[in-house]
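Heads up: the structure comes next, in structure tokens.
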Amino acid sequence: MSKLRPIFITIFVLVSASFACQNGAPKIPTPDPNFIGTTIAQTVVAAMTQTVQPLIPLTGASPTATYTPKPTLTPTIVITTTPLTPQITVSVATNCRVGPGKVYDRAGGLMVGEVAEILGVDPTWNYWYIRNPDLNPEFCWVWGKYATVSGNTLGIPIFTPMPTATPAPAFEASYNGLHKCTDWWIDIKLQNNGGIAFKSVSLTLTDTTKNITLSLSADTFKTNNGCSGSNTSDGFEPNATQIISAPNFNYDPTGHKLNATITLCSNKGINGTCTSKTITFTP
């Protein structure tokens, strides 16, 4: 017993000293190695469990989103073709001549609906040099007053016309009806297709059925105006049309074969440059 006592006393002293140290000095907590991870986890949970405040619309009705699709526009492709070679058409039938002007002889005509190739233009840009639709001669000049031109004309050549030669006289003639007042007479239609004006006319009309001939020669061009008189003109210009009335028959020539020879001259008195044409018809 006496041997164990000193040991118990020593143990008691050590334990008392230990309690004294714990109560007198500040306690230093041991760091938790999981502290940071725990904090983050708690923040996330708090965010997830937080009550969301609803949005209050400005109006009393709940807003609704409406989507209206825009129509898809399909572009319309318009293709227009412009001829590389310039071309010409006319709204009124137009003479085509061997030169750019009325003083030149007629070489054909460009009719409404025909299309011709343009090969040149005169210095005034009033006449177009084209490929003749009538083919003889191959090329001719057409007036641009009634013309419509398509294609690029910037590069076409400008042709200076040759000096005019002596214009040639030319005309066409056709039967234009049988008329009656007291007697009967024939009207003949003339078209001046040449380059000169005519100042006098001669007409010989033969009824081959009865072998009767009527004739006239005048420095004017007379047209009977029905039974009330007549109209006269002093000249017959290029590109003009003229009706002339033949001398009267004292019988009805209906059904008879008639020959008419017409002579037109550039001077009065059936002089100057003259040309003639004969037609045959049955009224």
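Labeling convention for the structure tokens: chains A, B, ... as they appear, residues from 1 per chain, ligands from 1 in order of appearance.
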
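Residues surrounding Phe281 of chain A within 7 Å are Tyr175, Lys257, Leu258 and Asn259 of chain A [only C-alpha atoms; sequence separation below 3 positions excluded].
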
Writer output for current selection, N, CA and C atoms, as a short mmCIF file (atom, residue, chain, number, x, y, z; two decimals), in the first residue's frame:
```
data_model
loop_
_atom_site.label_atom_id
_atom_site.label_comp_id
_atom_site.auth_asym_id
_atom_site.auth_seq_id
_atom_site.Cartn_x
_atom_site.Cartn_y
_atom_site.Cartn_z
N TYR A 175 -57.36 49.92 -162.60
CA TYR A 175 -58.78 50.25 -162.82
C TYR A 175 -59.42 50.59 -161.48
N LYS A 257 -64.01 44.24 -172.83
CA LYS A 257 -62.57 44.26 -172.54
C LYS A 257 -62.00 45.60 -172.98
N LEU A 258 -61.35 46.31 -172.00
CA LEU A 258 -60.82 47.63 -172.27
C LEU A 258 -59.31 47.64 -172.05
N ASN A 259 -58.64 48.40 -172.94
CA ASN A 259 -57.20 48.67 -172.79
C ASN A 259 -57.02 50.16 -172.54
#
```

Report as a list in words all protein, DNA and RNA residues lying within 6 Å of Ile158 of chain A, evaluated on only C-alpha atoms, omitting residues in the same chain fewer than 6 positions from it.
Gly120, Val121, Asp122 and Pro123 of chain A

Would you pick out the contacts of Tyr146 of chain A at 9 Å or less, using only C-alpha atoms, so that residues sharing its chain but fewer than 4 positions from it are not included, and give the list as a PDB file with N, CA and C atoms, in the first residue's frame?
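To be explicit, this is the file written out as part_2.pdb:
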```pdb
ATOM      1  N   THR A  89     -38.791  47.972-137.948  1.00  0.00           N
ATOM      2  CA  THR A  89     -40.152  47.701-138.387  1.00  0.00           C
ATOM      3  C   THR A  89     -40.844  49.047-138.605  1.00  0.00           C
ATOM      4  N   VAL A  90     -41.978  49.031-139.303  1.00  0.00           N
ATOM      5  CA  VAL A  90     -42.701  50.268-139.575  1.00  0.00           C
ATOM      6  C   VAL A  90     -44.172  50.103-139.196  1.00  0.00           C
ATOM      7  N   SER A  91     -44.793  51.197-138.788  1.00  0.00           N
ATOM      8  CA  SER A  91     -46.218  51.195-138.476  1.00  0.00           C
ATOM      9  C   SER A  91     -47.061  51.543-139.689  1.00  0.00           C
ATOM     10  N   VAL A  92     -46.435  52.107-140.721  1.00  0.00           N
ATOM     11  CA  VAL A  92     -47.087  52.431-141.993  1.00  0.00           C
ATOM     12  C   VAL A  92     -46.176  51.930-143.108  1.00  0.00           C
ATOM     13  N   ALA A  93     -46.756  51.285-144.105  1.00  0.00           N
ATOM     14  CA  ALA A  93     -45.951  50.801-145.230  1.00  0.00           C
ATOM     15  C   ALA A  93     -45.123  51.946-145.811  1.00  0.00           C
ATOM     16  N   THR A  94     -43.804  51.699-145.973  1.00  0.00           N
ATOM     17  CA  THR A  94     -42.866  52.759-146.343  1.00  0.00           C
ATOM     18  C   THR A  94     -42.010  52.312-147.517  1.00  0.00           C
TER      19      THR A  94
END
```

Any chance you could tabulate, as a Markdown table, the residues of segment 77-139 of chain A at most 7 Å from segment 188-206 of chain A with each one's nearest atom pair and distance in Å to one decimal, using only C-alpha atoms, in chain and rising number order?
```
| residue | atom | partner | partner_atom | distance |
| --- | --- | --- | --- | --- |
| A:Lys102 | CA | A:Gly195 | CA | 6.2 |
| A:Val103 | CA | A:Gly195 | CA | 4.7 |
| A:Tyr104 | CA | A:Gly195 | CA | 5.6 |
| A:Asp105 | CA | A:Gly195 | CA | 5.5 |
| A:Arg106 | CA | A:Asn193 | CA | 6.2 |
```

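Taking only C-alpha atoms into account, Cys181 of chain A lies nearest to A:Gly226 out of the set A:Pro238, A:Pro169, A:Gly226, A:Pro137.
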
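The smallest atom-to-atom distance between Ala240 of chain A and any of A:Ile130, A:Val115, A:Val142, A:Ala170, using only C-alpha atoms, is found for A:Ala170.
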
Segment 84-87 of chain A environment, 9 Å, only C-alpha atoms, sequence neighbours closer than 4 positions dropped, as a ChimeraX atom specification:
/A:115-119,130,148-153,156

Filtered DSSP result for segment 46-270 of chain A, state strand (DSSP E), as number ranges by chain
A: 87-90, 94-97, 106-110, 116-121, 127-131, 139-143, 147-150, 171-180, 184-192, 200-207, 212-218, 221-224, 230-233, 241-245, 258-267

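Separating atom CA of Asn211 of chain A from atom CA of Asn250 of chain A is a distance of 14.0 Å.
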
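Note that atom CA of Pro161 of chain A and atom CA of Pro100 of chain A are 7.0 Å apart.
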
Might you pull out every residue within 7 Å of Trp141 of chain A, with only C-alpha atoms counted and same-chain residues fewer than 4 positions away left off, and present them as a list of chain:residue names?
A:Cys96, A:Arg97, A:Val98, A:Gly99, A:Pro100, A:Tyr127, A:Trp128, A:Tyr129, A:Ile130

Put those residues in a file: C-alpha atoms, as a PDB file, in the first residue's frame.
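again.pdb, written as the output of this step:
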```
ATOM      1  CA  CYS A  96     -37.408  51.666-149.740  1.00  0.00           C
ATOM      2  CA  ARG A  97     -35.209  53.629-152.156  1.00  0.00           C
ATOM      3  CA  VAL A  98     -31.761  53.396-153.723  1.00  0.00           C
ATOM      4  CA  GLY A  99     -30.770  56.510-151.747  1.00  0.00           C
ATOM      5  CA  PRO A 100     -31.817  58.365-148.576  1.00  0.00           C
ATOM      6  CA  TYR A 127     -32.950  57.257-143.235  1.00  0.00           C
ATOM      7  CA  TRP A 128     -31.871  53.694-142.458  1.00  0.00           C
ATOM      8  CA  TYR A 129     -29.840  51.551-144.814  1.00  0.00           C
ATOM      9  CA  ILE A 130     -31.437  48.092-144.645  1.00  0.00           C
TER      10      ILE A 130
END
```

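For the pair atom CA of Trp143 of chain A and atom CA of Asn126 of chain A, the separation is 6.2 Å.
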